[in-house]
Every structure is written in structure tokens, then in C-alpha cells.
>>> print(open('entry-v6.txt').read())   # compact mmCIF, C-alpha atoms
# COMPACT_ATOMS: atom_id res chain seq x y z
CA LEU C 19 11.09 -19.19 5.49
CA GLU C 20 13.37 -21.14 7.83
CA LEU C 21 16.85 -21.72 6.42
CA LEU C 22 18.75 -24.74 7.71
CA ASP C 23 22.33 -25.88 7.10
CA ALA C 24 21.94 -29.38 5.62
CA ASN C 25 25.69 -30.00 6.03
CA ASP C 26 25.62 -29.24 9.76
CA GLY C 27 22.78 -31.32 11.15
CA CYS C 28 20.09 -28.92 9.92
CA THR C 29 21.13 -26.17 12.31
CA PRO C 30 19.86 -22.63 11.58
CA LEU C 31 21.66 -20.95 8.70
CA THR C 32 22.26 -17.75 10.65
CA GLY C 33 23.45 -14.80 8.56
CA ALA C 34 22.52 -16.30 5.20
CA ALA C 35 20.67 -13.93 2.86
CA LEU C 36 17.53 -14.85 0.95
CA TYR C 37 16.44 -12.96 -2.16
CA LEU C 38 12.75 -13.47 -2.98
CA TRP C 39 10.75 -12.29 -6.00
CA HIS C 40 7.41 -13.00 -7.64
CA CYS C 41 4.97 -11.66 -10.19
CA ASP C 42 2.24 -9.09 -9.59
CA ARG C 43 -1.47 -9.87 -9.59
CA ASP C 44 -1.50 -9.72 -13.40
CA GLY C 45 1.42 -12.14 -13.81
CA GLY C 46 4.06 -9.52 -14.65
CA TYR C 47 7.58 -9.43 -13.23
CA SER C 48 9.29 -6.14 -12.50
CA LEU C 49 12.69 -5.78 -14.21
CA TYR C 50 11.70 -8.55 -16.66
CA SER C 51 8.23 -8.47 -18.23
CA SER C 52 7.44 -6.30 -21.23
CA GLY C 53 6.67 -2.77 -20.09
CA LEU C 54 8.01 -3.42 -16.58
CA GLU C 55 11.73 -3.51 -17.33
CA ASP C 56 12.26 -0.12 -15.65
CA GLN C 57 10.15 -1.01 -12.60
CA ASN C 58 11.48 -2.67 -9.43
CA TYR C 59 8.87 -4.12 -7.09
CA LEU C 60 7.84 -7.41 -5.45
CA ARG C 61 11.50 -8.22 -4.87
CA GLY C 62 13.39 -8.21 -1.61
CA MET C 63 16.23 -9.59 0.45
CA GLN C 64 16.38 -10.54 4.13
CA VAL C 65 19.23 -11.82 6.29
CA ALA C 66 18.45 -14.92 8.37
CA SER C 67 18.16 -14.32 12.11
CA SER C 68 19.79 -16.47 14.77
CA ASP C 69 17.05 -19.08 14.31
CA GLY C 70 17.53 -19.13 10.53
CA THR C 71 14.30 -17.34 9.65
CA VAL C 72 13.55 -14.63 7.13
CA THR C 73 10.23 -12.80 6.89
CA PHE C 74 8.65 -10.92 3.99
CA SER C 75 5.38 -9.01 3.68
CA THR C 76 4.01 -8.98 0.15
CA ILE C 77 0.94 -9.54 -2.00
CA PHE C 78 -0.31 -12.89 -3.26
CA PRO C 79 1.15 -13.43 -6.76
CA GLY C 80 -1.13 -13.87 -9.73
CA CYS C 81 -1.33 -16.99 -11.88
CA TYR C 82 -0.16 -16.58 -15.46
CA PRO C 83 -0.57 -19.06 -18.34
CA GLY C 84 1.60 -22.17 -18.08
CA ARG C 85 2.93 -21.77 -14.52
CA TRP C 86 1.55 -22.82 -11.16
CA PRO C 87 1.38 -19.87 -8.69
CA HIS C 88 4.81 -19.55 -7.11
CA MET C 89 7.53 -17.40 -5.60
CA HIS C 90 11.21 -17.61 -6.57
CA PHE C 91 14.09 -17.44 -4.11
CA GLU C 92 17.86 -17.68 -3.94
CA VAL C 93 19.88 -18.33 -0.79
CA TYR C 94 23.32 -16.73 -0.43
CA ALA C 95 26.01 -17.30 2.20
CA SER C 96 25.85 -13.65 3.23
CA GLU C 97 24.20 -10.32 2.57
CA ALA C 98 27.39 -9.16 0.80
CA ASP C 99 27.17 -12.13 -1.60
CA ALA C 100 23.49 -11.45 -2.30
CA ALA C 101 23.93 -7.73 -2.87
CA GLY C 102 27.29 -7.99 -4.62
CA GLY C 103 26.58 -10.57 -7.30
CA GLY C 104 27.89 -13.65 -5.48
CA GLN C 105 26.84 -17.16 -6.43
CA PRO C 106 23.70 -18.48 -4.73
CA ALA C 107 24.10 -21.55 -2.51
CA ALA C 108 20.58 -22.62 -3.54
CA THR C 109 17.89 -21.53 -5.99
CA SER C 110 14.31 -22.72 -5.67
CA GLN C 111 10.64 -21.81 -5.76
CA LEU C 112 7.72 -22.33 -3.45
CA ALA C 113 4.42 -23.53 -4.89
CA LEU C 114 1.34 -21.95 -3.36
CA PRO C 115 -1.39 -24.36 -2.17
CA LYS C 116 -4.34 -24.69 -4.56
CA ALA C 117 -7.08 -23.99 -1.99
CA PHE C 118 -5.52 -20.66 -1.04
CA CYS C 119 -5.00 -19.76 -4.71
CA GLU C 120 -8.65 -20.46 -5.49
CA THR C 121 -9.80 -18.28 -2.59
CA ILE C 122 -7.59 -15.34 -3.57
CA TYR C 123 -8.27 -15.65 -7.30
CA ALA C 124 -12.04 -15.42 -6.68
CA ARG C 125 -11.40 -11.73 -5.92
CA SER C 126 -12.08 -9.37 -8.83
CA GLU C 127 -8.62 -7.74 -8.74
CA TYR C 128 -7.00 -11.02 -9.80
CA GLY C 129 -8.60 -10.94 -13.25
CA SER C 130 -7.60 -14.00 -15.27
CA SER C 131 -5.75 -15.87 -12.50
CA ALA C 132 -8.69 -18.19 -11.71
CA GLY C 133 -9.00 -19.24 -15.35
CA ASN C 134 -5.24 -19.74 -15.67
CA LEU C 135 -5.14 -21.86 -12.49
CA ALA C 136 -8.02 -24.04 -13.76
CA GLN C 137 -5.83 -25.10 -16.70
CA LEU C 138 -2.87 -26.15 -14.52
CA SER C 139 -1.72 -28.73 -12.02
CA LEU C 140 1.54 -29.21 -10.17
CA GLN C 141 2.13 -32.21 -12.43
CA THR C 142 1.84 -30.11 -15.61
CA ASP C 143 4.00 -27.23 -14.36
CA ASN C 144 7.42 -27.25 -16.06
CA VAL C 145 9.26 -26.74 -12.74
CA PHE C 146 7.19 -28.58 -10.15
CA ALA C 147 6.29 -31.59 -12.33
CA ASP C 148 9.39 -33.56 -11.30
CA ASP C 149 8.06 -34.29 -7.80
CA GLY C 150 4.78 -32.37 -7.59
CA ALA C 151 6.48 -29.75 -5.38
CA VAL C 152 6.34 -32.10 -2.39
CA HIS C 153 9.09 -30.16 -0.58
CA GLN C 154 8.18 -26.75 -1.98
CA ILE C 155 4.63 -26.23 -0.74
CA PRO C 156 4.51 -23.99 2.33
CA ARG C 157 2.20 -24.50 5.29
CA MET C 158 -0.33 -21.70 5.11
CA SER C 159 -2.71 -20.11 7.55
CA GLY C 160 -4.91 -17.02 7.78
CA THR C 161 -7.59 -15.53 5.58
CA ALA C 162 -7.76 -13.26 2.56
CA GLY C 163 -9.33 -10.57 4.72
CA SER C 164 -6.86 -10.62 7.61
CA GLY C 165 -3.76 -11.74 5.75
CA LEU C 166 -2.08 -15.03 4.98
CA THR C 167 1.09 -16.56 6.37
CA ALA C 168 3.19 -19.08 4.46
CA ARG C 169 5.90 -21.10 6.24
CA LEU C 170 8.50 -23.32 4.59
CA THR C 171 11.62 -25.02 5.92
CA VAL C 172 14.49 -24.84 3.42
CA PRO C 173 17.52 -27.10 3.97
CA VAL C 174 20.52 -25.68 2.10
>>> encode(input="entry-v6.txt", output="C-alpha cells")
Amino acid sequence: LELLDANDGCTPLTGAALYLWHCDRDGGYSLYSSGLEDQNYLRGMQVASSDGTVTFSTIFPGCYPGRWPHMHFEVYASEADAAGGGQPAATSQLALPKAFCETIYARSEYGSSAGNLAQLSLQTDNVFADDGAVHQIPRMSGTAGSGLTARLTVPV
């Protein structure tokens, strides 16, 4: 993710902290879903480099009933704010592109994700329906076998 300061000509938001989290392949969230409240995984924080970027390595999230495949994130002014309970400067989600979801969900380890995705669209999702996630869909490259890369520019 590339974080930009929308109030300063979209310059890099150096030093900002981004907290990212998403569900596991079965649609469960650590610290939240039933049976996972005492687990802490698929969550992380990074501090933006001098060019405003943060990088995470993770799995592809599953698709659960009623929600388009996505990742949540919050942007904080600093690492101290993110780690110490400060207020986020921005909260958003990124919507994963359908073609990549279909490819990943064809794999046996993603169980019911393909069927859940088939019942959804960005227009029926309760978060992305307002604009079809036009500004929240990352550019993606790579393959399921070698790994995928998602890139999104986030003006804050």
C-alpha cells in the first residue's frame, strides 16, 4: 500500500502506521470470531517508509457469506498512535479483484469460498455497494503458485 498525504499535494505519508487485518481461509477473524477470540493471527502493523509504502506478506483471505473478499486497514499518524490506542486518521478496506478470487477459491483448501463468492457482487456488498469499490480495488499481479502482489494507493 502507498500512503499519500491528501492535504499536502499527495506527498508520501512518511512515518504513518498502517494496521491491516483480514479473515482466514475459512472466513474467521482472530480475536473476533467464535472460537478464535483467544487467537491472534492475520493482523499486522507497518510504518510507512520514506516513499509512503508499507508491505505485508500474508495469505489470501477466504470469502464468507454476505461479504465480498476484502482486507481491513486503519492508518495512524504514527506507530505510537497505532500501538497505543490513538485515533485512526483513516479506516478503509480493499476489495480483492474477482478474477483473482475465482482462481484462488478453485483450490481445495478454500472450501466454501467459491460458492460464497458466486452469491455476491461488489454492488450487493454492504460496504462496497456505495461506489462499487472503485477506489478500493488494488492492482494485482502474480500467480497462485508463485505468489500474488496487490498494490493500492491510499490518499489520507
>>> residues_near_point(input="entry-v6.txt", point="(1.7, -13.7, -14.0)", cutoff="8 Å", atoms="all atoms listed in the file", output="number ranges by chain")
C: 41-47, 79-83, 131
>>> closest_residue(input="entry-v6.txt", among="C:Leu54, C:Ala108, C:Leu114, C:Leu49", to="Thr167 (chain C)", atoms="all atoms listed in the file")
C:Leu114
>>> closest_residue(input="entry-v6.txt", among="C:Pro106, C:Phe91, C:Gly84, C:Ala117", to="Asn134 (chain C)", atoms="all atoms listed in the file")
C:Gly84
>>> residues_around(input="entry-v6.txt", residues="Ala168 (chain C)", least_positions_apart="6", cutoff="8 Å", atoms="all atoms listed in the file", output="list in words")
Leu19, Pro156, Arg157, Met158 and Ser159 of chain C
>>> closest_atom_pairs(input="entry-v6.txt", of="region 40-148 of chain C", to="region 26-30 of chain C", cutoff="8 Å", atoms="all atoms listed in the file", output="tab-separated table")
residue	atom	partner	partner_atom	distance
C:Ser68	CA	C:Pro30	CA	6.9
C:Asp69	CA	C:Pro30	CA	5.3
C:Gly70	CA	C:Pro30	CA	4.3
C:Thr71	CA	C:Pro30	CA	7.9
>>> residues_around(input="entry-v6.txt", residues="Ala95 (chain C)", least_positions_apart="3", cutoff="9 Å", atoms="all atoms listed in the file", output="ChimeraX atom specification")
/C:31,33-36,98-100,104-107
>>> atom_distance(input="entry-v6.txt", atom1="CA of Tyr59 (chain C)", atom2="CA of Ser75 (chain C)")
12.3 Å
>>> atom_distance(input="entry-v6.txt", atom1="CA of Ser139 (chain C)", atom2="CA of Thr161 (chain C)")
22.8 Å
>>> residues_around(input="entry-v6.txt", residues="Val172 (chain C)", least_positions_apart="3", cutoff="7 Å", atoms="only C-alpha atoms", output="list in words")
Leu19, Glu20, Leu21 and Leu22 of chain C
>>> closest_residue(input="entry-v6.txt", among="C:Val174, C:Ala66, C:Ile77, C:Leu166", to="Pro115 (chain C)", atoms="only C-alpha atoms")
C:Leu166
>>> atom_distance(input="entry-v6.txt", atom1="CA of Val152 (chain C)", atom2="CA of Thr109 (chain C)")
16.1 Å
>>> closest_residue(input="entry-v6.txt", among="C:Gly102, C:Gly62, C:Gly165, C:Pro87", to="Trp39 (chain C)", atoms="all atoms listed in the file")
C:Gly62
>>> closest_residue(input="entry-v6.txt", among="C:Gln137, C:Ala147, C:Glu92, C:Ala162", to="Cys119 (chain C)", atoms="only C-alpha atoms")
C:Ala162
>>> residues_around(input="entry-v6.txt", residues="Asn144 (chain C)", least_positions_apart="3", cutoff="10 Å", atoms="only C-alpha atoms", output="JSON, numbers by chain")
{"C": [84, 85, 86, 140, 141, 147, 148]}
>>> closest_residue(input="entry-v6.txt", among="C:Thr76, C:Thr121, C:Thr142, C:Ser130", to="Leu60 (chain C)", atoms="all atoms listed in the file")
C:Thr76
